[in-house]
Each structure stands twice: as structure tokens, then as C-alpha cells.
file my_file38.cif (mmCIF, C-alpha atoms)
data_model
#
loop_
_atom_site.label_atom_id
_atom_site.label_comp_id
_atom_site.auth_asym_id
_atom_site.auth_seq_id
_atom_site.Cartn_x
_atom_site.Cartn_y
_atom_site.Cartn_z
CA MET A 1 -7.90 21.74 13.54
CA LYS A 2 -7.85 18.49 11.57
CA GLU A 3 -6.41 18.65 8.07
CA THR A 4 -8.53 17.36 5.20
CA TYR A 5 -7.08 16.06 1.95
CA GLN A 6 -8.73 15.34 -1.34
CA ILE A 7 -6.82 12.57 -3.07
CA ASN A 8 -6.90 12.80 -6.83
CA TYR A 9 -3.21 13.28 -7.44
CA GLU A 10 -1.11 11.20 -9.79
CA VAL A 11 1.90 11.76 -7.48
CA MET A 12 1.50 11.64 -3.71
CA SER A 13 3.57 12.51 -0.65
CA TYR A 14 3.81 10.39 2.52
CA LYS A 15 0.98 12.37 4.09
CA GLU A 16 -1.30 12.09 1.05
CA LEU A 17 -0.62 8.37 0.64
CA SER A 18 -1.20 7.75 4.34
CA VAL A 19 -4.70 9.21 3.94
CA TYR A 20 -5.31 7.19 0.77
CA LEU A 21 -4.21 3.89 2.36
CA LYS A 22 -5.36 4.72 5.90
CA LEU A 23 -1.87 3.98 7.25
CA SER A 24 0.36 6.23 9.31
CA PRO A 25 3.20 8.09 7.58
CA ASP A 26 5.61 6.21 9.89
CA THR A 27 4.28 2.86 8.65
CA LEU A 28 4.82 4.02 5.07
CA ARG A 29 8.38 5.15 5.89
CA HIS A 30 9.12 1.67 7.23
CA LYS A 31 7.69 0.07 4.08
CA VAL A 32 9.88 2.36 1.93
CA MET A 33 13.00 1.54 3.96
CA GLN A 34 12.23 -2.18 3.59
CA GLY A 35 11.52 -1.84 -0.14
CA ARG A 36 7.98 -3.17 0.37
CA ILE A 37 6.10 -0.40 -1.45
CA PRO A 38 6.79 1.28 -4.81
CA PHE A 39 8.23 4.80 -4.61
CA PHE A 40 10.55 7.19 -6.39
CA LYS A 41 12.43 10.33 -5.47
CA ILE A 42 12.22 13.88 -6.77
CA ASP A 43 15.20 15.95 -5.62
CA GLY A 44 15.63 13.57 -2.70
CA ALA A 45 11.96 13.69 -1.62
CA VAL A 46 10.10 10.36 -1.60
CA ARG A 47 6.99 10.34 -3.76
CA PHE A 48 4.45 7.71 -4.77
CA SER A 49 2.76 7.18 -8.11
CA LYS A 50 -0.96 6.53 -7.68
CA LYS A 51 -0.85 4.19 -10.68
CA ASP A 52 2.00 2.16 -9.12
CA ILE A 53 0.31 2.11 -5.71
CA ASP A 54 -2.98 0.91 -7.20
CA ALA A 55 -1.15 -1.89 -9.06
CA TRP A 56 0.72 -2.79 -5.84
CA LEU A 57 -2.60 -2.92 -3.95
CA ASP A 58 -4.13 -5.20 -6.59
CA GLU A 59 -1.15 -7.58 -6.39
CA HIS A 60 -1.13 -7.45 -2.57
CA CYS A 61 -4.85 -8.31 -2.48
CA LYS A 62 -4.36 -11.24 -4.89
CA LYS A 63 -1.55 -12.65 -2.74
CA THR A 64 -3.62 -12.23 0.43
CA LYS A 65 -6.64 -13.96 -1.12
CA LYS A 66 -4.43 -16.83 -2.35
CA LEU A 67 -2.92 -17.29 1.13
CA GLN A 68 -6.36 -17.21 2.73
CA ALA A 69 -7.62 -19.84 0.29
CA GLU A 70 -4.58 -22.05 0.95
CA ASN A 71 -5.08 -21.73 4.69
CA LEU A 72 -8.79 -22.60 4.37
CA ASN A 73 -7.98 -25.62 2.20
CA GLY A 74 -5.68 -26.90 4.93
CA LEU A 75 -8.44 -26.58 7.51
CA ILE A 76 -11.18 -28.32 5.52
CA GLU A 77 -11.19 -32.10 5.56
CA VAL A 78 -12.73 -33.92 2.63
CA ASP A 79 -14.05 -37.49 3.05
#

call {"tool": "encode", "arguments": {"input": "my_file38.cif", "output": "C-alpha cells"}}
result
Amino acid sequence: MKETYQINYEVMSYKELSVYLKLSPDTLRHKVMQGRIPFFKIDGAVRFSKKDIDAWLDEHCKKTKKLQAENLNGLIEVD
């Protein structure tokens, strides 16, 4: 039976964040090990603050949009 999660937590586990971001828990573990996603530990267990994740997403989206715009500018020739 498939598990269903309702995400309205301020603090999330790997499993909860994977549902929220639509990424696998393994992908999140790799991002944590590489220091590419904000996290903290409670008694050794990795947890994620929804507030920090939302801010990280906003910043990630801004960087992605900037890179896309730069790439498009390089492809468009102006006479």
C-alpha cells in the first residue's frame, strides 16, 4: 500500500522532504553530503526546516532563471 503524506510541517524528515520536492530520499542524502541543501541535526538525525528549504528553492530558481537568460542572450544575435 502506498504511503500518503500531508506536508504542513515546519521541520521535515528525508521522506517528508522528498515528497515535498518530488525527489528521492537518496538524492536528498547526496545533496546533504555535498552541502548543497540546508539541513540541521537533532540528536544525530538530519532534519530540514521548511522555511530554509523554501528560501533555498527561491534562490535556486533565481539562479536558474539568470543562467537561462544568459544562455539565451548568447544565442540571440542582434543586428

call {"tool": "closest_atom_pairs", "arguments": {"input": "my_file38.cif", "of": "region 34-60 of chain A", "to": "region 7-30 of chain A", "cutoff": "9 Å", "atoms": "all atoms listed in the file", "output": "tab-separated table"}}
result
residue	atom	partner	partner_atom	distance
A:Gln34	CA	A:His30	CA	6.1
A:Gly35	CA	A:His30	CA	8.5
A:Arg36	CA	A:His30	CA	8.5
A:Ile37	CA	A:Leu28	CA	8.0
A:Ala45	CA	A:Ser13	CA	8.5
A:Val46	CA	A:Ser13	CA	6.9
A:Arg47	CA	A:Ser13	CA	5.1
A:Phe48	CA	A:Met12	CA	5.0
A:Ser49	CA	A:Val11	CA	4.7
A:Lys50	CA	A:Glu10	CA	5.1
A:Lys51	CA	A:Glu10	CA	7.1
A:Ile53	CA	A:Leu17	CA	9.0

call {"tool": "atom_distance", "arguments": {"input": "my_file38.cif", "atom1": "CA of Asp54 (chain A)", "atom2": "CA of Met33 (chain A)"}}
result
19.5 Å

call {"tool": "atom_distance", "arguments": {"input": "my_file38.cif", "atom1": "CA of Glu70 (chain A)", "atom2": "CA of Trp56 (chain A)"}}
result
21.1 Å

call {"tool": "atom_distance", "arguments": {"input": "my_file38.cif", "atom1": "CA of Gly44 (chain A)", "atom2": "CA of Val32 (chain A)"}}
result
13.4 Å
